[in-house]
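K.L.:
Can you keep this structure in mind? I'll have questions shortly.
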Amino acid sequence: MTAGKLSRRHFLKGSALVAGGALMAACAPVAGDSGATAADEGESMSEEPVELVAQYWGTRPEFIEDREIMAQRMTEKFPNVTASQNSVPGGQYGEKVLTAIAAGTPPDTMQLNHRWEPFFRGQEALLNVIPFADADDEFTFDVFYPRIIELGTNEGELVTVPRGWNPFVIYYNRALFAEAGLDDLPTSWENDTWNWDSFLETARALTADSDGDGRTDVYGMFFPYWYPFLLLGGGDVLSDDQKSSGLDSPEALAALQWLADLRLTHNVSPSPAEIEGLGSAQDLFTAGRVAMFTAGAWGIGALTRVEGLDWDVGPLPRAAGQPPVGYTQYYGHGIPKGTQSADWSWEYLKIISDEESNITVAQTIGDVPAMSHIAESEYFAGLPKPPTRQVFIDSAPHMQVWPTIAPITEIMSRAITPELNLAFLGEKSVEDAVAAAGPQVDEILAGFWGN
Amino acid sequence: MGSSQAQVGQAVGSTAAGKRPRMSGIARKEAIAGYIAISPWLLGFIIFQLAPILAAFYISSTEWRILAAPEFIGMQNFDKLLFGDDLFWQSIKVTVIYVIFRVPVSAVLSLALALLMNQQLAGRRLFRTIYYLPAVIPLVAVSMMWIWIFNPEYGVLNSFIRLFGIEGPQWIHSSRWALPALIIMSLWQVGTGMVIFLAGLQGIPAHLYEAATIDGANTWQRFLKVTLPMLSPVVLFALVMNVIGSFQIFTQAYIMTQGGPGNATLFLVLYIYRNAFEWFHMGYASALAWVLFLVVLVISLAMLRSSEHWVHYEGRTGGA
């Protein structure tokens, strides 16, 4: 065909076809959008070939390998199933999963934690796993820490089968403690001599200007997370009925002021600029620049790999008159609504949460397994480093998580954190920061509750 | 000029009133070839830009959390952002301050550099490359580097200031200094503007300078009477692009300050991003995006309209 034979009408028709086709291709789901699940339709699981995708965040090599092994185990158990993983960087998790669900192609299982479980549950995007568990003789929730199941259950529904949990503890450098003439930290969460006063005294004793140049070389402590201390002090970000800000309670104000004073008054904690210049809390700890820091069990893996570092863990210190608080972040996996077959998703979920996978959590990833008998076995508690691993496990009876209300992430990152950061920098008083954050928290909650 | 325009208008009008002139075969072929040539861009624009822009306009009138169907709420999102959202006004304030300082300072620096690089200096090509280099380095890498430069304890900037016995500010760790820090950092990329101005400078005919010199103009007068007027279309282009780009600042704040401390660097695009992809308020984020679009549109049109008074186009006479 020569150019001369192409009429304008034909050209426009052709263009419209191309544009229309491209639009349809762009809008079409990648895979079939069945929406309904086999369970919904009462179908039994067939021997037809099935492709399942488990959605995760985090792309570290040990994560990828762990997930690959679980996918292989699924295929070994069900030869007609081709199981795979979809691992994305943590920062992209929400938008990737949301996009996939909105496009009608949700993953078959998805990872959930304190951030994503409330959000996706609030969006009614997750299936209640209790009916699957009840109908399955191979599965029982009894093997998991009861408190995790209790905290995850909301209005009789549970959307996450837990896999691991990260109790926050104090990591401390034993060599620096010895240099300062301090004893090792106690190991009992009930011990009320390990309290905020003794914690501050310990931090002061550890803080040192070794070379006498007027600049602090070793800081007593560093707290990358303020929320555990808010709970320890008897406060919380929300009121008891979750209808308004709870930051203006006397307990919350006192806890936040105490935290701010650690750096601004007592100078036992590095400034954000010093932390940024020297790396993460873990880097500072490894380099001997910080003697104590708070983190979840994820610190175990990285610190164990540092040769020659003599470290251990102790419980979070109790505030005066307050019970012990074992602040934790647990994670697990759930089933998005609209998955191609909820029954197959459940089978995959069982493998992701089973004993073997819990052992991997303990040995490879370094977190505390959600199954109590695995956590308390040689796979976790029995490992040599740190010597007092039992501290993690003993936090279980005191376990608390952050609010499970759907807009909690927005409340934290939009309303509270910017204001508290100013207080911790010393640019604003704690009272002013709380007063500024309160109405923003209330507004988000009012929108959520429909007031 | 006014009368000649009217005559042209009349002439066109009289032609249009009659039978439309038939396109010759060659002209038609050329037109078709033109359409085909631009069709990939045109389709890309329609599918990936125009359609999302129009979709965003519809979404801006809804409450949409992505998984549930959008719920039509009329102008409520616009009402909220105008009258009930302090963070929106904070983001507007921060962004406008950034634009007001960044655009003129970078324009002056770019022009000064271009004038320097337009001289017959030894190694000027090397210098041009050096000054342009920052523009080709990914902004993420640049941001990481500037985090180090601005670090109050260990950064080179405060180490340099310390040489004079002064303790520098906390830069991105201070709500007072974080925005000035990002403005200073933005000047790192004046090389882009320099290249544009340099191209403009090299397009100015040498005979104009010769004529001015013969007429007794000194260097300053030649700059004011020849260089600036001849360069004014390029200045207009650079300013408009710079304003649009500055309103869209995002990466630096996202990586270096996350909008803080205390929302001191909460630029409008960062606020849009957070609403859309952290808190998943797509309707509200779309409304914010449309506000940004309208603000940039109005300012760009105002600049183009004002250009009649200060931009000189070669071959045009009269007021322009």
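Chain labels run A, B, ... following the order of the structure tokens; each chain numbers its residues from 1, and ligands are numbered from 1 in the order shown.
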Report as a PDB file with N, CA and C atoms, in the first residue's frame: the residues of segment 106-228 of chain A with a DSSP assignment of alpha helix (DSSP H), based on the backbone of this structure.
P.N.:
```
ATOM      1  N   TRP A 116      -0.056  -2.678  58.116  1.00  0.00           N
ATOM      2  CA  TRP A 116      -0.932  -3.020  56.993  1.00  0.00           C
ATOM      3  C   TRP A 116      -2.177  -3.786  57.404  1.00  0.00           C
ATOM      4  N   GLU A 117      -2.100  -4.517  58.494  1.00  0.00           N
ATOM      5  CA  GLU A 117      -3.304  -5.250  58.903  1.00  0.00           C
ATOM      6  C   GLU A 117      -4.461  -4.298  59.204  1.00  0.00           C
ATOM      7  N   PRO A 118      -4.274  -3.256  60.029  1.00  0.00           N
ATOM      8  CA  PRO A 118      -5.406  -2.346  60.277  1.00  0.00           C
ATOM      9  C   PRO A 118      -5.913  -1.688  58.996  1.00  0.00           C
ATOM     10  N   PHE A 119      -4.993  -1.315  58.124  1.00  0.00           N
ATOM     11  CA  PHE A 119      -5.416  -0.609  56.910  1.00  0.00           C
ATOM     12  C   PHE A 119      -6.267  -1.508  56.018  1.00  0.00           C
ATOM     13  N   PHE A 120      -5.743  -2.695  55.708  1.00  0.00           N
ATOM     14  CA  PHE A 120      -6.483  -3.564  54.778  1.00  0.00           C
ATOM     15  C   PHE A 120      -7.747  -4.128  55.433  1.00  0.00           C
ATOM     16  N   ARG A 121      -7.711  -4.333  56.737  1.00  0.00           N
ATOM     17  CA  ARG A 121      -8.935  -4.773  57.422  1.00  0.00           C
ATOM     18  C   ARG A 121      -9.976  -3.653  57.357  1.00  0.00           C
ATOM     19  N   GLY A 122      -9.505  -2.424  57.556  1.00  0.00           N
ATOM     20  CA  GLY A 122     -10.406  -1.275  57.474  1.00  0.00           C
ATOM     21  C   GLY A 122     -11.015  -1.127  56.096  1.00  0.00           C
ATOM     22  N   ILE A 130     -10.690 -17.506  60.424  1.00  0.00           N
ATOM     23  CA  ILE A 130     -11.189 -18.435  61.447  1.00  0.00           C
ATOM     24  C   ILE A 130     -12.032 -19.570  60.827  1.00  0.00           C
ATOM     25  N   PRO A 131     -12.939 -19.280  59.880  1.00  0.00           N
ATOM     26  CA  PRO A 131     -13.710 -20.392  59.297  1.00  0.00           C
ATOM     27  C   PRO A 131     -12.813 -21.425  58.597  1.00  0.00           C
ATOM     28  N   PHE A 132     -11.750 -20.966  57.959  1.00  0.00           N
ATOM     29  CA  PHE A 132     -10.839 -21.913  57.309  1.00  0.00           C
ATOM     30  C   PHE A 132     -10.168 -22.795  58.358  1.00  0.00           C
ATOM     31  N   ALA A 133      -9.742 -22.168  59.452  1.00  0.00           N
ATOM     32  CA  ALA A 133      -9.056 -22.917  60.510  1.00  0.00           C
ATOM     33  C   ALA A 133     -10.018 -23.925  61.147  1.00  0.00           C
ATOM     34  N   ASP A 134     -11.254 -23.480  61.370  1.00  0.00           N
ATOM     35  CA  ASP A 134     -12.229 -24.362  62.009  1.00  0.00           C
ATOM     36  C   ASP A 134     -12.511 -25.590  61.147  1.00  0.00           C
ATOM     37  N   PRO A 146      -1.055 -17.130  72.600  1.00  0.00           N
ATOM     38  CA  PRO A 146      -2.465 -16.728  72.678  1.00  0.00           C
ATOM     39  C   PRO A 146      -2.653 -15.222  72.602  1.00  0.00           C
ATOM     40  N   ARG A 147      -1.684 -14.481  73.154  1.00  0.00           N
ATOM     41  CA  ARG A 147      -1.830 -13.017  73.183  1.00  0.00           C
ATOM     42  C   ARG A 147      -1.798 -12.429  71.761  1.00  0.00           C
ATOM     43  N   ILE A 148      -1.020 -13.040  70.878  1.00  0.00           N
ATOM     44  CA  ILE A 148      -0.982 -12.534  69.487  1.00  0.00           C
ATOM     45  C   ILE A 148      -2.349 -12.737  68.840  1.00  0.00           C
ATOM     46  N   ILE A 149      -2.909 -13.909  69.057  1.00  0.00           N
ATOM     47  CA  ILE A 149      -4.229 -14.197  68.474  1.00  0.00           C
ATOM     48  C   ILE A 149      -5.277 -13.260  69.080  1.00  0.00           C
ATOM     49  N   GLU A 150      -5.160 -13.046  70.382  1.00  0.00           N
ATOM     50  CA  GLU A 150      -6.106 -12.166  71.079  1.00  0.00           C
ATOM     51  C   GLU A 150      -6.022 -10.739  70.544  1.00  0.00           C
ATOM     52  N   LEU A 151      -4.789 -10.238  70.392  1.00  0.00           N
ATOM     53  CA  LEU A 151      -4.610  -8.858  69.918  1.00  0.00           C
ATOM     54  C   LEU A 151      -5.055  -8.693  68.463  1.00  0.00           C
ATOM     55  N   GLY A 152      -4.918  -9.780  67.682  1.00  0.00           N
ATOM     56  CA  GLY A 152      -5.275  -9.692  66.262  1.00  0.00           C
ATOM     57  C   GLY A 152      -6.758  -9.878  66.000  1.00  0.00           C
ATOM     58  N   ARG A 174      27.882  -5.027  76.581  1.00  0.00           N
ATOM     59  CA  ARG A 174      28.384  -5.502  77.877  1.00  0.00           C
ATOM     60  C   ARG A 174      29.772  -4.952  78.184  1.00  0.00           C
ATOM     61  N   ALA A 175      30.579  -4.765  77.139  1.00  0.00           N
ATOM     62  CA  ALA A 175      31.939  -4.262  77.367  1.00  0.00           C
ATOM     63  C   ALA A 175      31.882  -2.834  77.914  1.00  0.00           C
ATOM     64  N   LEU A 176      30.993  -2.017  77.340  1.00  0.00           N
ATOM     65  CA  LEU A 176      30.874  -0.632  77.836  1.00  0.00           C
ATOM     66  C   LEU A 176      30.295  -0.617  79.250  1.00  0.00           C
ATOM     67  N   PHE A 177      29.383  -1.540  79.528  1.00  0.00           N
ATOM     68  CA  PHE A 177      28.841  -1.651  80.890  1.00  0.00           C
ATOM     69  C   PHE A 177      29.977  -1.974  81.868  1.00  0.00           C
ATOM     70  N   ALA A 178      30.827  -2.911  81.486  1.00  0.00           N
ATOM     71  CA  ALA A 178      31.934  -3.312  82.368  1.00  0.00           C
ATOM     72  C   ALA A 178      32.890  -2.141  82.594  1.00  0.00           C
ATOM     73  N   GLU A 179      33.174  -1.410  81.498  1.00  0.00           N
ATOM     74  CA  GLU A 179      34.076  -0.242  81.620  1.00  0.00           C
ATOM     75  C   GLU A 179      33.524   0.789  82.595  1.00  0.00           C
ATOM     76  N   TRP A 196      12.578   3.588  85.144  1.00  0.00           N
ATOM     77  CA  TRP A 196      13.044   4.744  84.383  1.00  0.00           C
ATOM     78  C   TRP A 196      14.163   5.500  85.111  1.00  0.00           C
ATOM     79  N   ASP A 197      14.111   5.500  86.446  1.00  0.00           N
ATOM     80  CA  ASP A 197      15.175   6.178  87.195  1.00  0.00           C
ATOM     81  C   ASP A 197      16.502   5.437  87.039  1.00  0.00           C
ATOM     82  N   SER A 198      16.465   4.116  87.225  1.00  0.00           N
ATOM     83  CA  SER A 198      17.720   3.359  87.117  1.00  0.00           C
ATOM     84  C   SER A 198      18.199   3.335  85.664  1.00  0.00           C
ATOM     85  N   PHE A 199      17.260   3.361  84.740  1.00  0.00           N
ATOM     86  CA  PHE A 199      17.623   3.417  83.314  1.00  0.00           C
ATOM     87  C   PHE A 199      18.386   4.708  83.020  1.00  0.00           C
ATOM     88  N   LEU A 200      17.852   5.823  83.551  1.00  0.00           N
ATOM     89  CA  LEU A 200      18.518   7.114  83.318  1.00  0.00           C
ATOM     90  C   LEU A 200      19.886   7.150  84.002  1.00  0.00           C
ATOM     91  N   GLU A 201      19.947   6.620  85.209  1.00  0.00           N
ATOM     92  CA  GLU A 201      21.237   6.579  85.916  1.00  0.00           C
ATOM     93  C   GLU A 201      22.254   5.755  85.127  1.00  0.00           C
ATOM     94  N   THR A 202      21.789   4.623  84.615  1.00  0.00           N
ATOM     95  CA  THR A 202      22.673   3.760  83.816  1.00  0.00           C
ATOM     96  C   THR A 202      23.143   4.509  82.569  1.00  0.00           C
ATOM     97  N   ALA A 203      22.211   5.181  81.905  1.00  0.00           N
ATOM     98  CA  ALA A 203      22.565   5.921  80.687  1.00  0.00           C
ATOM     99  C   ALA A 203      23.564   7.028  80.992  1.00  0.00           C
ATOM    100  N   ARG A 204      23.380   7.689  82.138  1.00  0.00           N
ATOM    101  CA  ARG A 204      24.310   8.755  82.526  1.00  0.00           C
ATOM    102  C   ARG A 204      25.712   8.189  82.776  1.00  0.00           C
ATOM    103  N   ALA A 205      25.745   7.054  83.458  1.00  0.00           N
ATOM    104  CA  ALA A 205      27.042   6.451  83.788  1.00  0.00           C
ATOM    105  C   ALA A 205      27.781   6.016  82.519  1.00  0.00           C
ATOM    106  N   LEU A 206      27.010   5.682  81.494  1.00  0.00           N
ATOM    107  CA  LEU A 206      27.634   5.194  80.258  1.00  0.00           C
ATOM    108  C   LEU A 206      28.055   6.327  79.325  1.00  0.00           C
ATOM    109  N   TYR A 227       7.139   5.310  70.743  1.00  0.00           N
ATOM    110  CA  TYR A 227       5.854   4.740  71.133  1.00  0.00           C
ATOM    111  C   TYR A 227       5.947   3.747  72.295  1.00  0.00           C
ATOM    112  N   PRO A 228       6.959   2.841  72.316  1.00  0.00           N
ATOM    113  CA  PRO A 228       7.032   1.908  73.453  1.00  0.00           C
ATOM    114  C   PRO A 228       7.114   2.639  74.793  1.00  0.00           C
TER     115      PRO A 228
END
```
K.L.:
Pull out every residue of chain A that has at least one atom within 6 Å of chain B, counting only C-alpha atoms, and report them as a PyMOL selection string.
P.N.:
chain A and resi 102+410+418-419+422
K.L.:
Go ahead and write the residues just picked, N, CA and C atoms, as a CSV table (one decimal), in the first residue's frame.
P.N.:
```csv
chain,number,residue,atom,x,y,z
A,102,ALA,N,-7.3,-3.7,43.2
A,102,ALA,CA,-8.2,-2.8,42.5
A,102,ALA,C,-8.3,-3.3,41.0
A,410,GLU,N,-2.1,7.0,59.4
A,410,GLU,CA,-2.3,8.4,59.1
A,410,GLU,C,-2.2,9.3,60.4
A,418,PRO,N,5.1,14.7,63.1
A,418,PRO,CA,5.7,16.0,62.8
A,418,PRO,C,5.8,16.9,64.1
A,419,GLU,N,4.8,16.8,64.9
A,419,GLU,CA,4.7,17.7,66.1
A,419,GLU,C,5.7,17.2,67.1
A,422,LEU,N,9.3,18.0,66.6
A,422,LEU,CA,9.7,19.4,67.0
A,422,LEU,C,10.0,19.4,68.5
```
K.L.:
Quick one, how far is atom CA of Ala291 of chain A from atom CA of Gln363 of chain A?
P.N.:
25.8 Å
K.L.:
Grab the atom CA of Gly123 of chain B to atom CA of Leu231 of chain B distance for me, in Å with one decimal place.
P.N.:
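Result for atom CA of Gly123 of chain B versus atom CA of Leu231 of chain B: 24.5 Å, one decimal.
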K.L.:
Could you tell me which of B:Leu163, B:Ala238, B:Leu201, B:Ile244 comes closest to Val298 of chain B if we count only C-alpha atoms?
P.N.:
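Using only C-alpha atoms, the shortest distance to Val298 of chain B belongs to B:Ile244.
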K.L.:
Which one is closest to Ser286 of chain B: B:Ala302, B:Ile184, B:Met194, B:Val269? Count only C-alpha atoms.
P.N.:
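Among B:Ala302, B:Ile184, B:Met194, B:Val269, it is B:Val269 that comes nearest to Ser286 of chain B.
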K.L.:
Can you tell me, as a VMD selection string, what residues are no more than 7 Å from Ala114 of chain B when counting only C-alpha atoms, ignoring any on the same chain fewer than 5 positions away?
P.N.:
chain B and resid 194 to 195 197 to 198
K.L.:
Using only C-alpha atoms, which protein or nucleic acid residues come within 7 Å of segment 324-337 of chain A? Drop anything in the same chain fewer than 4 positions from it, and give the result as a ChimeraX atom specification.
P.N.:
/A:106,108-114,125-127,159-168,189-190,228,231-232,318,345,349,395-396,398-401
K.L.:
Restricted to C-alpha atoms, what would the selected residues look like written as a compact mmCIF listing (two decimals), in the first residue's frame?
P.N.:
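Everything below was put into part.txt:
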```txt
# COMPACT_ATOMS: atom_id res chain seq x y z
CA PRO A 106 -5.02 -9.76 44.05
CA ASP A 108 -3.29 -15.26 46.81
CA THR A 109 -1.73 -14.50 50.16
CA MET A 110 -0.29 -11.28 51.48
CA GLN A 111 2.03 -10.28 54.29
CA LEU A 112 0.52 -8.16 57.07
CA ASN A 113 1.81 -6.36 60.13
CA HIS A 114 0.90 -3.66 62.61
CA ALA A 125 -10.07 -6.35 51.82
CA LEU A 126 -9.20 -9.45 53.85
CA LEU A 127 -10.94 -12.73 54.53
CA VAL A 159 -7.40 -11.78 59.27
CA THR A 160 -3.77 -12.66 59.96
CA VAL A 161 -2.20 -16.02 60.65
CA PRO A 162 0.89 -14.94 62.60
CA ARG A 163 4.37 -16.01 61.66
CA GLY A 164 6.73 -14.00 63.84
CA TRP A 165 6.83 -11.22 66.39
CA ASN A 166 9.29 -8.60 67.41
CA PRO A 167 9.22 -7.79 71.09
CA PHE A 168 11.09 -4.57 71.86
CA TRP A 189 10.16 -8.01 83.12
CA GLU A 190 8.57 -7.92 86.57
CA PRO A 228 7.03 1.91 73.45
CA LEU A 231 2.97 2.79 76.61
CA LEU A 232 5.47 2.10 79.38
CA ARG A 318 9.18 0.07 83.94
CA SER A 345 -4.74 -19.53 49.39
CA LEU A 349 -0.98 -19.73 54.03
CA SER A 395 7.69 -10.41 77.30
CA ALA A 396 4.77 -12.47 75.94
CA HIS A 398 2.93 -8.32 78.84
CA MET A 399 2.54 -8.04 75.10
CA GLN A 400 0.98 -4.86 73.73
CA VAL A 401 0.71 -3.54 70.18
```
K.L.:
Pick from B:Pro180, B:Gly84, B:Gly191, B:Gly200: nearest to Val136 of chain B, with only C-alpha atoms counted?
P.N.:
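Between B:Pro180, B:Gly84, B:Gly191, B:Gly200, the residue approaching Val136 of chain B most closely is B:Gly191.
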K.L.:
Which residues come within 12 Å of Ala211 of chain B, counting only C-alpha atoms, excluding same-chain residues fewer than 6 positions away, as number ranges by chain?
P.N.:
B: 205, 217-218, 222, 225-226
K.L.:
What does the structure give for the distance between atom CA of Thr257 of chain B and atom CA of Leu270 of chain B, in Å to one decimal?
P.N.:
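Atom CA of Thr257 of chain B sits 10.7 Å away from atom CA of Leu270 of chain B.
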